[in-house]
Each structure stands twice: as C-alpha cells, then as structure tokens.
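To be precise, the following lines are protein.csv, and they hold CSV, C-alpha atoms and all ligand atoms.
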```
chain,number,residue,atom,x,y,z
A,262,MET,CA,-15.3,-14.4,-9.0
A,263,ILE,CA,-15.8,-17.8,-10.6
A,264,ARG,CA,-12.1,-18.6,-10.3
A,265,ALA,CA,-12.2,-17.5,-6.7
A,266,ILE,CA,-15.0,-19.9,-5.9
A,267,GLN,CA,-13.3,-22.7,-7.7
A,268,THR,CA,-10.1,-22.1,-5.9
A,269,LEU,CA,-11.9,-22.2,-2.5
A,270,GLU,CA,-13.7,-25.4,-3.5
A,271,SER,CA,-10.4,-27.1,-4.5
A,272,GLY,CA,-8.8,-26.2,-1.2
A,273,GLY,CA,-6.8,-23.3,-2.4
A,274,VAL,CA,-6.2,-19.8,-1.0
A,275,ILE,CA,-7.5,-16.5,-2.4
A,276,GLY,CA,-6.9,-12.8,-1.7
A,277,PHE,CA,-10.2,-10.8,-1.2
A,278,PRO,CA,-11.2,-7.3,-0.1
A,279,THR,CA,-13.1,-6.4,3.1
A,280,GLU,CA,-14.1,-3.0,4.4
A,281,THR,CA,-11.3,-3.2,7.0
A,282,VAL,CA,-8.3,-4.7,5.3
A,283,TYR,CA,-7.7,-7.4,2.6
A,284,GLY,CA,-7.9,-11.1,3.7
A,285,LEU,CA,-6.2,-14.3,2.7
A,286,GLY,CA,-9.1,-16.7,2.5
A,287,ALA,CA,-9.6,-20.5,2.5
A,288,ASP,CA,-12.5,-22.9,3.2
A,289,ALA,CA,-12.9,-22.8,7.0
A,290,GLU,CA,-14.1,-26.4,7.2
A,291,ASN,CA,-11.1,-27.8,5.3
A,292,PRO,CA,-8.1,-28.1,7.6
A,293,GLU,CA,-5.6,-28.6,4.8
A,294,ALA,CA,-6.9,-25.4,3.1
A,295,VAL,CA,-6.5,-23.5,6.4
A,296,ALA,CA,-3.0,-24.9,6.8
A,297,GLN,CA,-2.1,-23.3,3.4
A,298,ILE,CA,-3.0,-19.9,4.8
A,299,TYR,CA,-0.6,-20.4,7.7
A,300,ALA,CA,2.1,-21.6,5.3
A,301,LEU,CA,1.7,-18.6,3.0
A,302,LYS,CA,1.7,-16.0,5.8
A,303,GLY,CA,4.5,-17.7,7.8
A,304,ARG,CA,2.3,-17.6,10.8
A,305,PRO,CA,2.5,-20.1,13.7
A,306,ALA,CA,-0.2,-22.7,13.6
A,307,ASN,CA,-1.5,-22.0,17.1
A,308,HIS,CA,-2.9,-18.6,16.1
A,309,PRO,CA,-6.6,-18.7,15.4
A,310,VAL,CA,-8.1,-17.2,12.2
A,311,ILE,CA,-11.4,-15.4,11.8
A,312,VAL,CA,-14.2,-17.2,10.0
A,313,HIS,CA,-16.1,-14.8,7.6
A,314,LEU,CA,-19.8,-15.5,7.0
A,315,ALA,CA,-22.5,-14.3,4.6
A,316,LYS,CA,-25.3,-12.1,5.9
A,317,GLU,CA,-27.8,-14.9,5.9
A,318,ALA,CA,-25.5,-17.5,7.5
A,319,ASP,CA,-26.5,-19.2,10.8
A,320,ILE,CA,-24.0,-18.6,13.5
A,321,ARG,CA,-25.4,-21.6,15.4
A,322,HIS,CA,-23.6,-23.8,12.8
A,323,TRP,CA,-20.3,-22.5,14.0
A,324,ALA,CA,-20.7,-21.6,17.7
A,325,ALA,CA,-22.2,-23.2,20.8
A,326,ASP,CA,-23.6,-21.7,24.1
A,327,ILE,CA,-24.5,-18.5,22.4
A,328,HIS,CA,-25.4,-15.7,24.8
A,329,GLU,CA,-28.5,-13.6,23.8
A,330,LEU,CA,-26.3,-10.4,23.7
A,331,VAL,CA,-24.5,-12.0,20.7
A,332,PHE,CA,-27.6,-11.7,18.6
A,333,ALA,CA,-28.2,-8.1,19.8
A,334,LEU,CA,-24.6,-7.3,18.5
A,335,THR,CA,-25.0,-9.1,15.2
A,336,ASP,CA,-28.3,-7.3,14.6
A,337,ALA,CA,-26.7,-4.0,15.4
A,338,PHE,CA,-23.3,-4.3,13.6
A,339,TRP,CA,-23.4,-7.1,11.0
A,340,PRO,CA,-22.4,-6.8,8.2
A,341,GLY,CA,-19.6,-4.7,9.5
A,342,PRO,CA,-16.2,-4.4,11.2
A,343,LEU,CA,-17.0,-6.5,14.3
A,344,THR,CA,-15.5,-9.9,15.1
A,345,LEU,CA,-17.1,-12.0,17.9
A,346,ILE,CA,-15.2,-14.7,19.8
A,347,LEU,CA,-17.6,-17.4,20.8
A,348,LYS,CA,-17.5,-21.0,22.1
A,349,ARG,CA,-16.8,-23.2,19.1
A,350,ALA,CA,-19.3,-25.9,18.0
A,351,ALA,CA,-17.9,-29.4,18.5
A,352,HIS,CA,-17.6,-30.3,14.8
A,353,ILE,CA,-15.5,-27.2,13.8
A,354,PRO,CA,-12.0,-28.2,12.9
A,355,ASP,CA,-9.2,-27.3,15.3
A,356,ALA,CA,-7.3,-25.6,12.5
A,357,VAL,CA,-9.4,-22.4,12.5
A,358,SER,CA,-9.3,-22.0,16.3
A,359,GLY,CA,-5.5,-22.6,16.7
A,360,GLY,CA,-6.4,-25.4,19.1
A,361,GLN,CA,-8.5,-23.1,21.4
A,362,GLU,CA,-12.1,-23.8,22.4
A,363,THR,CA,-13.3,-20.6,20.7
A,364,ILE,CA,-14.1,-19.4,17.2
A,365,GLY,CA,-13.9,-15.9,15.8
A,366,LEU,CA,-16.8,-14.9,13.5
A,367,ARG,CA,-17.3,-11.9,11.4
A,368,CYS,CA,-19.7,-10.8,8.6
A,369,PRO,CA,-17.8,-8.3,6.4
A,370,ALA,CA,-19.7,-5.4,4.8
A,371,HIS,CA,-17.7,-5.1,1.6
A,372,PRO,CA,-19.9,-5.9,-1.4
A,373,VAL,CA,-17.3,-8.1,-3.1
A,374,ALA,CA,-16.8,-10.1,0.1
A,375,GLN,CA,-20.5,-10.5,0.5
A,376,GLN,CA,-20.9,-11.5,-3.1
A,377,LEU,CA,-18.2,-14.1,-2.6
A,378,LEU,CA,-19.7,-15.4,0.6
A,379,GLN,CA,-23.2,-15.6,-0.8
A,380,ALA,CA,-22.0,-17.6,-3.8
A,381,TYR,CA,-19.8,-20.0,-1.8
A,382,LYS,CA,-21.7,-23.1,-0.7
A,383,ASN,CA,-25.0,-21.2,-1.2
A,384,GLY,CA,-24.2,-18.7,1.5
A,385,GLN,CA,-23.6,-21.4,4.1
A,386,GLY,CA,-19.9,-21.7,3.8
A,387,GLY,CA,-17.3,-20.0,6.0
A,388,ILE,CA,-14.1,-18.4,4.7
A,389,ALA,CA,-11.3,-18.5,7.2
A,390,ALA,CA,-9.2,-15.4,6.7
A,391,PRO,CA,-6.5,-13.5,8.4
A,392,SER,CA,-5.2,-10.2,7.0
A,393,ALA,CA,-3.3,-10.7,3.7
A,394,ASN,CA,0.1,-9.8,5.0
A,395,ARG,CA,3.1,-11.8,6.1
A,396,PHE,CA,3.1,-12.5,9.8
A,397,GLY,CA,3.7,-9.4,12.0
A,398,ARG,CA,3.8,-7.0,9.0
A,399,VAL,CA,1.6,-4.1,7.9
A,400,SER,CA,-2.0,-5.2,6.8
A,401,PRO,CA,-2.9,-4.5,3.2
A,402,THR,CA,-5.7,-2.1,2.2
A,403,THR,CA,-5.5,-2.5,-1.6
A,404,ALA,CA,-5.2,-5.5,-4.0
A,405,GLU,CA,-1.9,-4.1,-5.1
A,406,HIS,CA,-0.5,-4.3,-1.5
A,407,VAL,CA,-1.5,-8.0,-1.5
A,408,ARG,CA,0.3,-8.6,-4.8
A,409,GLU,CA,3.4,-6.9,-3.5
A,410,GLU,CA,3.3,-8.9,-0.3
A,411,PHE,CA,3.1,-12.3,-2.0
A,412,LYS,CA,5.0,-11.4,-5.2
A,413,ASP,CA,5.6,-14.5,-7.4
A,414,ASP,CA,4.1,-16.9,-4.9
A,415,PRO,CA,2.3,-19.4,-7.2
A,416,ARG,CA,0.0,-20.5,-4.3
A,417,LEU,CA,-1.8,-17.1,-4.5
A,418,SER,CA,-2.9,-16.7,-8.0
A,419,VAL,CA,-6.4,-15.3,-7.4
A,420,ILE,CA,-6.7,-11.8,-5.8
A,421,LEU,CA,-10.1,-10.1,-6.0
A,422,ASP,CA,-9.8,-6.4,-6.4
A,423,GLY,CA,-12.4,-4.4,-4.5
A,424,GLY,CA,-10.6,-1.0,-4.4
A,425,GLN,CA,-9.2,0.6,-1.3
A,426,SER,CA,-10.7,-0.7,2.0
A,427,ASP,CA,-13.0,1.9,3.4
A,428,ILE,CA,-12.1,1.6,7.1
A,429,GLY,CA,-8.4,0.7,6.8
A,430,ILE,CA,-7.7,-0.9,10.2
A,431,GLU,CA,-8.8,-4.4,11.3
A,432,SER,CA,-12.1,-5.2,12.9
A,433,THR,CA,-13.0,-4.6,16.6
A,434,ILE,CA,-12.7,-8.0,18.4
A,435,ILE,CA,-15.0,-8.7,21.4
A,436,ASP,CA,-14.8,-11.9,23.3
A,437,LEU,CA,-18.2,-13.2,24.4
A,438,SER,CA,-17.1,-16.8,25.0
A,439,ARG,CA,-16.9,-16.3,28.8
A,440,MET,CA,-20.1,-14.2,29.4
A,441,LYS,CA,-21.0,-15.8,32.8
A,442,THR,CA,-17.6,-15.2,34.4
A,443,HIS,CA,-16.1,-12.2,32.6
A,444,GLY,CA,-18.8,-10.5,30.5
A,445,PRO,CA,-17.7,-9.0,27.1
A,446,VAL,CA,-14.0,-8.4,26.8
A,447,LEU,CA,-12.4,-6.1,24.2
A,448,LEU,CA,-9.5,-8.0,22.5
A,449,ARG,CA,-8.7,-5.5,19.8
A,450,PRO,CA,-9.9,-1.9,19.4
A,451,GLY,CA,-11.3,-1.0,15.9
A,452,HIS,CA,-13.7,1.2,14.1
A,453,ILE,CA,-16.6,0.1,16.3
A,454,SER,CA,-15.9,1.6,19.7
A,455,PRO,CA,-16.4,0.2,23.2
A,456,GLN,CA,-19.0,2.9,23.7
A,457,GLU,CA,-21.0,1.7,20.7
A,458,ILE,CA,-20.8,-1.9,22.0
A,459,SER,CA,-22.1,-0.8,25.4
A,460,SER,CA,-24.9,1.2,23.9
A,461,VAL,CA,-26.2,-2.1,22.6
A,462,THR,CA,-25.3,-4.5,25.4
A,463,GLY,CA,-25.6,-2.1,28.3
A,464,ILE,CA,-22.1,-3.4,29.5
A,465,THR,CA,-18.8,-1.7,28.8
A,466,PRO,CA,-16.4,-4.3,27.5
A,467,LYS,CA,-13.4,-5.0,29.8
A,468,LYS,CA,-9.7,-5.1,29.0
A,469,PRO,CA,-8.3,-8.6,28.5
A,470,ASP,CA,-7.2,-10.6,31.5
A,471,GLU,CA,-4.5,-13.4,31.5
A,472,ALA,CA,-6.9,-16.1,30.6
A,473,ALA,CA,-8.5,-14.2,27.7
A,474,PRO,CA,-8.4,-16.1,24.3
A,475,ARG,CA,-5.1,-15.4,22.6
A,476,ALA,CA,-5.3,-13.0,19.6
A,477,SER,CA,-2.2,-12.5,17.5
A,478,GLY,CA,-3.2,-8.9,16.5
A,479,THR,CA,-2.8,-8.2,20.2
A,480,LEU,CA,0.9,-9.2,20.3
A,481,ALA,CA,2.9,-6.2,21.5
A,482,ALA,CA,4.9,-6.1,18.2
A,483,HIS,CA,2.6,-6.3,15.2
A,484,TYR,CA,1.8,-4.3,12.0
A,485,ALA,CA,5.6,-3.6,11.9
A,486,PRO,CA,7.3,-1.9,8.9
A,487,GLN,CA,10.9,-2.9,8.0
A,488,THR,CA,12.3,0.5,8.9
A,489,PRO,CA,12.9,1.2,12.6
A,490,VAL,CA,9.9,3.2,13.9
A,491,LEU,CA,9.9,5.9,16.6
A,492,LEU,CA,6.5,7.1,17.9
A,493,LEU,CA,6.8,10.6,19.4
A,494,PRO,CA,4.5,13.0,21.3
A,495,SER,CA,3.9,16.2,19.4
A,496,GLU,CA,6.0,18.3,21.7
A,497,LYS,CA,9.1,16.2,21.1
A,498,MET,CA,8.8,16.2,17.3
A,499,VAL,CA,10.8,19.3,16.4
A,500,SER,CA,13.8,18.6,18.7
A,501,MET,CA,14.1,14.9,17.9
A,502,LEU,CA,13.8,15.5,14.1
A,503,LYS,CA,16.6,18.1,14.4
A,504,GLN,CA,18.8,15.8,16.6
A,505,LEU,CA,18.4,12.9,14.2
A,506,SER,CA,18.9,14.8,11.0
A,507,ASP,CA,22.0,16.5,12.5
A,508,LYS,CA,23.4,13.0,12.9
A,509,GLY,CA,22.9,12.5,9.2
A,510,LYS,CA,19.9,10.2,9.5
A,511,MET,CA,17.5,9.9,6.5
A,512,LEU,CA,14.1,10.4,8.0
A,513,ALA,CA,10.6,9.4,6.9
A,514,VAL,CA,8.0,11.4,8.8
A,515,MET,CA,4.3,10.8,9.3
A,516,HIS,CA,2.7,13.7,11.1
A,517,TYR,CA,-0.8,15.2,11.5
A,518,SER,CA,-0.1,18.7,13.0
A,519,THR,CA,1.8,21.4,11.3
A,520,TYR,CA,5.5,21.9,12.0
A,521,ALA,CA,8.6,23.8,11.1
A,522,LEU,CA,10.5,20.7,10.0
A,523,PRO,CA,14.2,20.4,9.3
A,524,GLU,CA,15.2,20.5,5.7
A,525,LYS,CA,16.8,17.1,5.3
A,526,ILE,CA,13.8,14.9,5.7
A,527,CYS,CA,13.5,12.5,2.8
A,528,VAL,CA,9.8,11.9,2.9
A,529,LEU,CA,7.0,13.7,4.7
A,530,LYS,CA,3.5,12.4,5.0
A,531,GLN,CA,0.8,14.8,6.3
A,532,MET,CA,-2.0,12.7,7.8
A,533,PRO,CA,-5.6,13.7,8.2
A,534,ASN,CA,-6.6,15.0,11.6
A,535,SER,CA,-9.8,13.0,12.1
A,536,PRO,CA,-9.4,9.4,13.5
A,537,GLU,CA,-11.5,7.8,10.8
A,538,THR,CA,-9.7,9.3,7.8
A,539,TYR,CA,-6.4,8.8,9.6
A,540,ALA,CA,-7.2,5.1,10.0
A,541,HIS,CA,-8.3,4.9,6.4
A,542,ASP,CA,-4.9,6.2,5.2
A,543,LEU,CA,-2.7,4.6,7.9
A,544,TYR,CA,-1.4,1.4,6.4
A,545,ALA,CA,-0.9,2.7,2.9
A,546,ALA,CA,1.1,5.6,4.4
A,547,LEU,CA,3.2,3.2,6.5
A,548,ARG,CA,3.9,1.1,3.4
A,549,ALA,CA,4.8,4.2,1.4
A,550,LEU,CA,7.2,5.5,4.0
A,551,ASP,CA,8.7,2.1,4.6
A,552,SER,CA,9.6,1.8,0.9
A,553,VAL,CA,11.9,4.8,0.6
A,554,GLY,CA,14.8,3.2,2.5
A,555,ALA,CA,15.0,5.8,5.3
A,556,ASP,CA,17.0,5.1,8.4
A,557,VAL,CA,14.2,6.0,10.8
A,558,MET,CA,10.5,6.4,10.5
A,559,ILE,CA,9.1,9.0,12.8
A,560,LEU,CA,5.4,8.9,13.7
A,561,GLU,CA,3.7,11.8,15.5
A,562,GLN,CA,1.6,10.4,18.3
A,563,PRO,CA,-2.1,11.5,17.9
A,564,PRO,CA,-4.0,12.6,21.0
A,565,LEU,CA,-4.4,9.9,23.7
A,566,THR,CA,-8.2,10.2,23.7
A,567,THR,CA,-10.8,7.4,23.2
A,568,THR,CA,-11.7,8.4,19.7
A,569,TRP,CA,-8.0,7.8,18.7
A,570,GLU,CA,-7.7,4.5,20.6
A,571,SER,CA,-7.7,2.1,17.7
A,572,VAL,CA,-5.2,4.2,15.7
A,573,ASN,CA,-2.9,4.6,18.7
A,574,ASP,CA,-3.1,0.9,19.3
A,575,ARG,CA,-1.8,0.2,15.8
A,576,LEU,CA,0.9,2.9,16.0
A,577,THR,CA,2.2,1.6,19.3
A,578,ARG,CA,2.5,-2.0,18.0
A,579,ALA,CA,4.2,-0.7,14.8
A,580,ALA,CA,6.8,1.0,16.9
A,581,HIS,CA,7.1,-1.6,19.7
A,582,ASP,CA,10.1,-3.7,18.4
A,583,SER,CA,12.2,-1.0,16.9
A,584,GLN,CA,12.0,2.1,19.1
A,585,HIS,CA,15.5,1.3,20.5
A,586,LEU,CA,17.0,0.9,17.0
A,587,ALA,CA,15.5,4.2,15.8
A,588,ILE,CA,17.4,6.4,18.3
A,589,GLN,CA,20.8,4.7,18.0
B,601,LIG,O1,-10.7,-6.9,10.0
B,601,LIG,C1,-10.3,-8.0,10.2
B,601,LIG,O2,-10.6,-8.6,11.2
B,601,LIG,C2,-9.4,-8.7,9.1
B,601,LIG,C3,-10.3,-8.9,7.9
B,601,LIG,C4,-9.5,-9.7,6.8
B,601,LIG,O3,-11.5,-9.6,8.2
B,601,LIG,N1,-8.9,-9.9,9.6
B,601,LIG,C5,-7.9,-9.9,10.5
B,601,LIG,O4,-7.4,-11.2,10.8
B,601,LIG,O5,-7.4,-8.9,11.1
B,601,LIG,P1,-6.1,-11.4,11.6
B,601,LIG,O6,-5.9,-12.9,11.6
B,601,LIG,O7,-5.0,-10.7,11.0
B,601,LIG,O8,-6.4,-11.0,13.0
B,601,LIG,C6,-7.5,-11.7,13.6
B,601,LIG,C7,-7.3,-11.7,15.1
B,601,LIG,C8,-6.1,-12.4,15.5
B,601,LIG,O9,-5.5,-11.6,16.5
B,601,LIG,C9,-6.6,-13.7,16.0
B,601,LIG,O10,-5.7,-14.2,17.0
B,601,LIG,C10,-7.9,-13.3,16.6
B,601,LIG,O11,-8.4,-12.5,15.6
B,601,LIG,N2,-8.8,-14.5,16.6
B,601,LIG,C11,-9.4,-15.2,15.6
B,601,LIG,N3,-10.1,-16.2,16.1
B,601,LIG,C12,-9.9,-16.2,17.4
B,601,LIG,C13,-10.4,-17.1,18.5
B,601,LIG,N4,-11.0,-18.2,18.2
B,601,LIG,N5,-10.0,-16.7,19.7
B,601,LIG,C14,-9.3,-15.6,20.0
B,601,LIG,N6,-8.8,-14.8,19.0
B,601,LIG,C15,-9.1,-15.1,17.8
B,602,MG,MG,-3.3,-9.5,10.9
```

As a first step, turn the structure in this file into structure tokens.
Amino acid sequence: MIRAIQTLESGGVIGFPTETVYGLGADAENPEAVAQIYALKGRPANHPVIVHLAKEADIRHWAADIHELVFALTDAFWPGPLTLILKRAAHIPDAVSGGQETIGLRCPAHPVAQQLLQAYKNGQGGIAAPSANRFGRVSPTTAEHVREEFKDDPRLSVILDGGQSDIGIESTIIDLSRMKTHGPVLLRPGHISPQEISSVTGITPKKPDEAAPRASGTLAAHYAPQTPVLLLPSEKMVSMLKQLSDKGKMLAVMHYSTYALPEKICVLKQMPNSPETYAHDLYAALRALDSVGADVMILEQPPLTTTWESVNDRLTRAAHDSQHLAIQ
C-alpha cells in the first residue's frame, strides 16, 4: 500500500482491485501521469477515463452544475458499481475527460480501493483508472490477469492484490451531464440496473443518442478475446458445433444450459445460470478459453431478458469483430 501511494505521488501508474474489475490508476490531477495510463494501455488519447473517489470525497471539487438527482444516486449506490458522467469543473485537466466537457466519477466499494483512496491525499485525491487491460481486450478480474496483461512492462511495478473482483463486469454508467435536455442516459449497462436507477430518480434512463458523451466501453467491438468468437442462440448450438467440428475445427465452448455435445471439443466451460454469478465468472472464463489456442470460441447466448442485459452486452461486443471469421 505504501509503495502504491508513493508511485501515485511520483506520477506513476499502479494496478488496483475494484469490486467490478481491476483498474490501472494514476493521479487524476496530473496530466502526465494520466498520459502514462494511455501509453500503457495503448488507448487513444481522446477516450476519457473514470475518476475514482474516496467515500468522503466532495464531488463538487470535480464537477459543476450538479443536478440534485446526482446526490440521490450517490446516497443510494456509492460506494458501489455506478459511474456518473457530470459536467466537469473548470480546473480539471483535459487529460481525464479526453477533451470532452464532462467527467466520469465513481466511488468503488472494494475495501482495498477504499483504503487506497482514503490514504491518498487525505481522501481528497482522485485516481483516474480505466480497466487494467490493453485497449479493446478482456477486462481483468484478478491481480494475476493484470500481471499477464502487462507482463514485463517496467512501467507497472505495483499491482495491489485484492482477490477476485466480486461483480466481474464494469460499472453501470449513467450520463447526468445533460439533465435539462435529455434526463439520465444509460451509457453502459452493469450490475446496477436501469430499474434500480429509476427507483431512486423516478425516471427510467434513456438509451444514448448521437450527441451522448462518448464512452469507449460502448464501442461495438470491445472486451475481445484473440480467438474468433461466435455468439449463438441455444437452439443453434448443437447443429453449429457439429458442423464446425466436422470441418475439423478445434472448439472452445462456453455454455450455460445442458447439451449433448460433439466429442471433439477441446474445452468446455459450463457457466452458472444466474446473471450475477455468470457475470462474476465471465472474464476469467473468456481468458481461460482464449488461452487454449482453439480455432473458434462458441458462446451460448443467455436469455434476451432485462436481467441478462449487462452480460449480453459484453458477450455481443466480444463477438462483434470476429463472428465472420469464426464461421469461415
Ligand atoms: O467498473 C469500472 O467502471 C472499471 C473500474 C476499474 O472502475 N473501469 C472501467 O474503465 O471500466 P474503462 O475506462 O475501461 O471504461 C470507462 C468508460 C469508458 O467507456 C469511458 O469512455 C467512459 O467510461 N467515460 C469515462 N469518463 C467519461 C466521460 N467524461 N464522458 C463519457 N464517458 C466517460
Ligand atoms: Mg475497459
């Protein structure tokens, strides 16, 4: 912990746990330190990063024109897996907001993250942190994933280990920066559902429009493994698996219902059938299946119902770029 604080103070980057996924953190008010995160991740500089705050932090230091519903949401869900996009205060460096007029704020619930944030600048600092993976790749849910991802990179020498992330997929992101004209907008689904948001605000968050603040986790292709991925409805599983394995393809399969599967599958991962436990296991399972060198990764599509929305969102993005390769 002391080394982590010293690294942040000297403008370096650390890996640290949160309850959603692991983050790659740097001092949010030091533009050079934030630039180091972009360099490490290989992420374009116009993508904003979330600023993580201690429980006691004052969001008025970071944001301007704060709508009263923002405080209702922070009272209800912080610390926890909810990121709020607000108008950025004038003195906050461009680097964290990717040049946009907004800032993303989140107060993580993980005890190690809270301990870190409370110790840093007496609880008044902000740690800018994207998920600790290379740009576009699967997010890490253990310290070991972070080590694998940045193997041998001397710029990342401190990784705090907080065990496996409880939730397993990234925070829900709600844009509240345009309340007068648009009301709350859901930019990324997560563990906290739109229904839970509306139970506090009385307004169901809308889907993003063209002018909504850009969020890289909302790019169509994201969270992508190296192996081509095919996302299939349950009723197509058996026939497609047979067809591909008859062609001699090595298959890595992630499913949640029970099937008569062809013999030649090289790895099979049975997923839990509740959305929360599925989300908890998802990224570790994708990494494990990705590491076996299969020709195609097959994912069984969970039900298209609201409780599965955040899981389906991640699966769709994981498959987006490579569906066409998977069936060649
Ligand atoms: O659960 C999480 O949110 C994790 C942990 C580490 O806290 N972080 C995370 O960060 O997922 P990242 O950078 O991988 O995704 C953050 C998303 C991106 O899509 C980014 O574009 C969006 O939040 N974002 C951050 N600040 C924003 C802003 N000012 N305006 C619009 N979108 C913003
Ligand atoms: Mg990410």

Excluding A:Gly272 and its own-chain neighbours fewer than 3 positions away, which residues fall within 8 Å of it when counting only C-alpha atoms? Please give them as a ChimeraX atom specification.
/A:268-269,287-288,291,293-294

Sorted by chain and rising residue number, list the residues of chain A at most 12 Å from ligand MG 602 (chain B) (counting all atoms listed in the file), each with its closest atom pair and distance in Å to one decimal, as CSV.
```
residue,atom,partner,partner_atom,distance
A:Thr281,CA,B:MG602,MG,10.9
A:Val282,CA,B:MG602,MG,8.9
A:Tyr283,CA,B:MG602,MG,9.6
A:Gly284,CA,B:MG602,MG,8.7
A:Leu285,CA,B:MG602,MG,9.9
A:Tyr299,CA,B:MG602,MG,11.7
A:Lys302,CA,B:MG602,MG,9.7
A:Gly303,CA,B:MG602,MG,11.7
A:Arg304,CA,B:MG602,MG,9.8
A:His308,CA,B:MG602,MG,10.5
A:Pro309,CA,B:MG602,MG,10.8
A:Val310,CA,B:MG602,MG,9.2
A:Ile311,CA,B:MG602,MG,10.1
A:Ala390,CA,B:MG602,MG,9.3
A:Pro391,CA,B:MG602,MG,5.7
A:Ser392,CA,B:MG602,MG,4.4
A:Ala393,CA,B:MG602,MG,7.3
A:Asn394,CA,B:MG602,MG,6.8
A:Arg395,CA,B:MG602,MG,8.3
A:Phe396,CA,B:MG602,MG,7.2
A:Gly397,CA,B:MG602,MG,7.1
A:Arg398,CA,B:MG602,MG,7.8
A:Val399,CA,B:MG602,MG,7.9
A:Ser400,CA,B:MG602,MG,6.1
A:Pro401,CA,B:MG602,MG,9.2
A:Thr402,CA,B:MG602,MG,11.7
A:Ile430,CA,B:MG602,MG,9.7
A:Glu431,CA,B:MG602,MG,7.5
A:Ser432,CA,B:MG602,MG,10.0
A:Arg449,CA,B:MG602,MG,11.2
A:Ala476,CA,B:MG602,MG,9.6
A:Ser477,CA,B:MG602,MG,7.3
A:Gly478,CA,B:MG602,MG,5.6
A:Thr479,CA,B:MG602,MG,9.4
A:Leu480,CA,B:MG602,MG,10.3
A:Ala482,CA,B:MG602,MG,11.5
A:His483,CA,B:MG602,MG,8.0
A:Tyr484,CA,B:MG602,MG,7.4
A:Ala485,CA,B:MG602,MG,10.7
A:Tyr544,CA,B:MG602,MG,11.9
A:Arg575,CA,B:MG602,MG,11.0
A:Arg578,CA,B:MG602,MG,11.8
```

To one decimal place, how far is atom CA of A:Asn307 from atom CA of A:Pro369 in Å?
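Taking atom CA of A:Asn307 and atom CA of A:Pro369, their separation equals 23.8 Å.
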
Pick the closest to ligand LIG 601 (chain B) from A:Gly423, A:Pro474, A:Gly451, A:Gly273: which is it, counting only C-alpha atoms and all ligand atoms?
A:Pro474

Which residues of stretch 336-366 of chain A come within 10 Å of stretch 460-469 of chain A, and what is each one's closest atom pair and distance in Å (one decimal), counting all atoms listed in the file, sorted by chain and residue number, as CSV?
```
residue,atom,partner,partner_atom,distance
A:Asp336,CA,A:Val461,CA,9.8
A:Ala337,CA,A:Val461,CA,7.5
A:Phe338,CA,A:Val461,CA,9.7
```

Got a sec: who's within 9 Å of stretch 507-519 of chain A, counting only C-alpha atoms, leaving out chain neighbours fewer than 2 positions off, as a ChimeraX atom specification?
/A:495,502-505,521-522,525-534,539,546-547,550-551,553-563

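Of the listed residues A:Leu330, A:Ala545, A:Ala473, A:Ile266, the one whose atoms come nearest to A:Leu448 is A:Ala473, with distances taken using all atoms listed in the file.
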
For the atom pair atom CA of A:Thr433 and atom CA of A:Val274, what is the interatomic distance in Å to one decimal place?
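These two atoms are separated by 24.2 Å.
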
Pick the closest to A:Glu329 from A:Lys441, A:His452, A:Arg349, A:Arg408: which is it, counting all atoms listed in the file?
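That would be A:Lys441, the residue with the smallest distance to A:Glu329.
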
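With all atoms listed in the file as the atoms that count, the residue of A:Ile435, A:Gly276, A:Val357, A:Val572 with the shortest distance to A:Ser535 is A:Val572.
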
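Counting all atoms listed in the file and comparing A:Gln385, A:Gln376, A:Ser552, A:Thr403, the residue that lies closest to ligand LIG 601 (chain B) is A:Thr403.
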
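Considering the residues A:Gln267, A:Gln456, A:Asn383, A:Gln361 and counting all atoms listed in the file, ligand LIG 601 (chain B) has its shortest atom-to-atom contact with A:Gln361.
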
Take the structure in the block and write a file for stretch 507-511 of chain A, all heavy atoms, as an mmCIF file, in the first residue's frame.
```cif
data_model
loop_
_atom_site.group_PDB
_atom_site.id
_atom_site.type_symbol
_atom_site.label_atom_id
_atom_site.label_comp_id
_atom_site.auth_asym_id
_atom_site.auth_seq_id
_atom_site.Cartn_x
_atom_site.Cartn_y
_atom_site.Cartn_z
ATOM 1 N N ASP A 507 -17.115 -31.141 -37.461
ATOM 2 C CA ASP A 507 -16.968 -31.995 -38.653
ATOM 3 C C ASP A 507 -15.943 -31.417 -39.630
ATOM 4 O O ASP A 507 -15.294 -32.136 -40.377
ATOM 5 C CB ASP A 507 -18.311 -32.173 -39.379
ATOM 6 C CG ASP A 507 -19.224 -33.139 -38.619
ATOM 7 O OD1 ASP A 507 -18.741 -33.764 -37.653
ATOM 8 O OD2 ASP A 507 -20.422 -33.236 -38.981
ATOM 9 N N LYS A 508 -15.825 -30.084 -39.632
ATOM 10 C CA LYS A 508 -14.834 -29.437 -40.501
ATOM 11 C C LYS A 508 -13.427 -29.545 -39.920
ATOM 12 O O LYS A 508 -12.474 -28.980 -40.463
ATOM 13 C CB LYS A 508 -15.155 -27.940 -40.620
ATOM 14 C CG LYS A 508 -16.194 -27.575 -41.622
ATOM 15 C CD LYS A 508 -16.067 -26.062 -41.858
ATOM 16 C CE LYS A 508 -17.260 -25.458 -42.531
ATOM 17 N NZ LYS A 508 -17.233 -23.985 -42.408
ATOM 18 N N GLY A 509 -13.317 -30.126 -38.733
ATOM 19 C CA GLY A 509 -12.005 -30.290 -38.112
ATOM 20 C C GLY A 509 -11.585 -29.104 -37.253
ATOM 21 O O GLY A 509 -10.421 -28.977 -36.878
ATOM 22 N N LYS A 510 -12.512 -28.221 -36.938
ATOM 23 C CA LYS A 510 -12.166 -27.055 -36.107
ATOM 24 C C LYS A 510 -12.007 -27.459 -34.646
ATOM 25 O O LYS A 510 -12.779 -28.277 -34.134
ATOM 26 C CB LYS A 510 -13.284 -26.008 -36.173
ATOM 27 C CG LYS A 510 -13.568 -25.494 -37.549
ATOM 28 C CD LYS A 510 -12.780 -24.251 -37.836
ATOM 29 C CE LYS A 510 -13.258 -23.621 -39.137
ATOM 30 N NZ LYS A 510 -12.289 -22.679 -39.676
ATOM 31 N N MET A 511 -11.015 -26.846 -34.004
ATOM 32 C CA MET A 511 -10.856 -27.004 -32.551
ATOM 33 C C MET A 511 -11.780 -25.995 -31.878
ATOM 34 O O MET A 511 -11.654 -24.794 -32.120
ATOM 35 C CB MET A 511 -9.423 -26.647 -32.149
ATOM 36 C CG MET A 511 -8.390 -27.596 -32.683
ATOM 37 S SD MET A 511 -8.076 -28.836 -31.433
ATOM 38 C CE MET A 511 -7.127 -27.887 -30.255
#
```
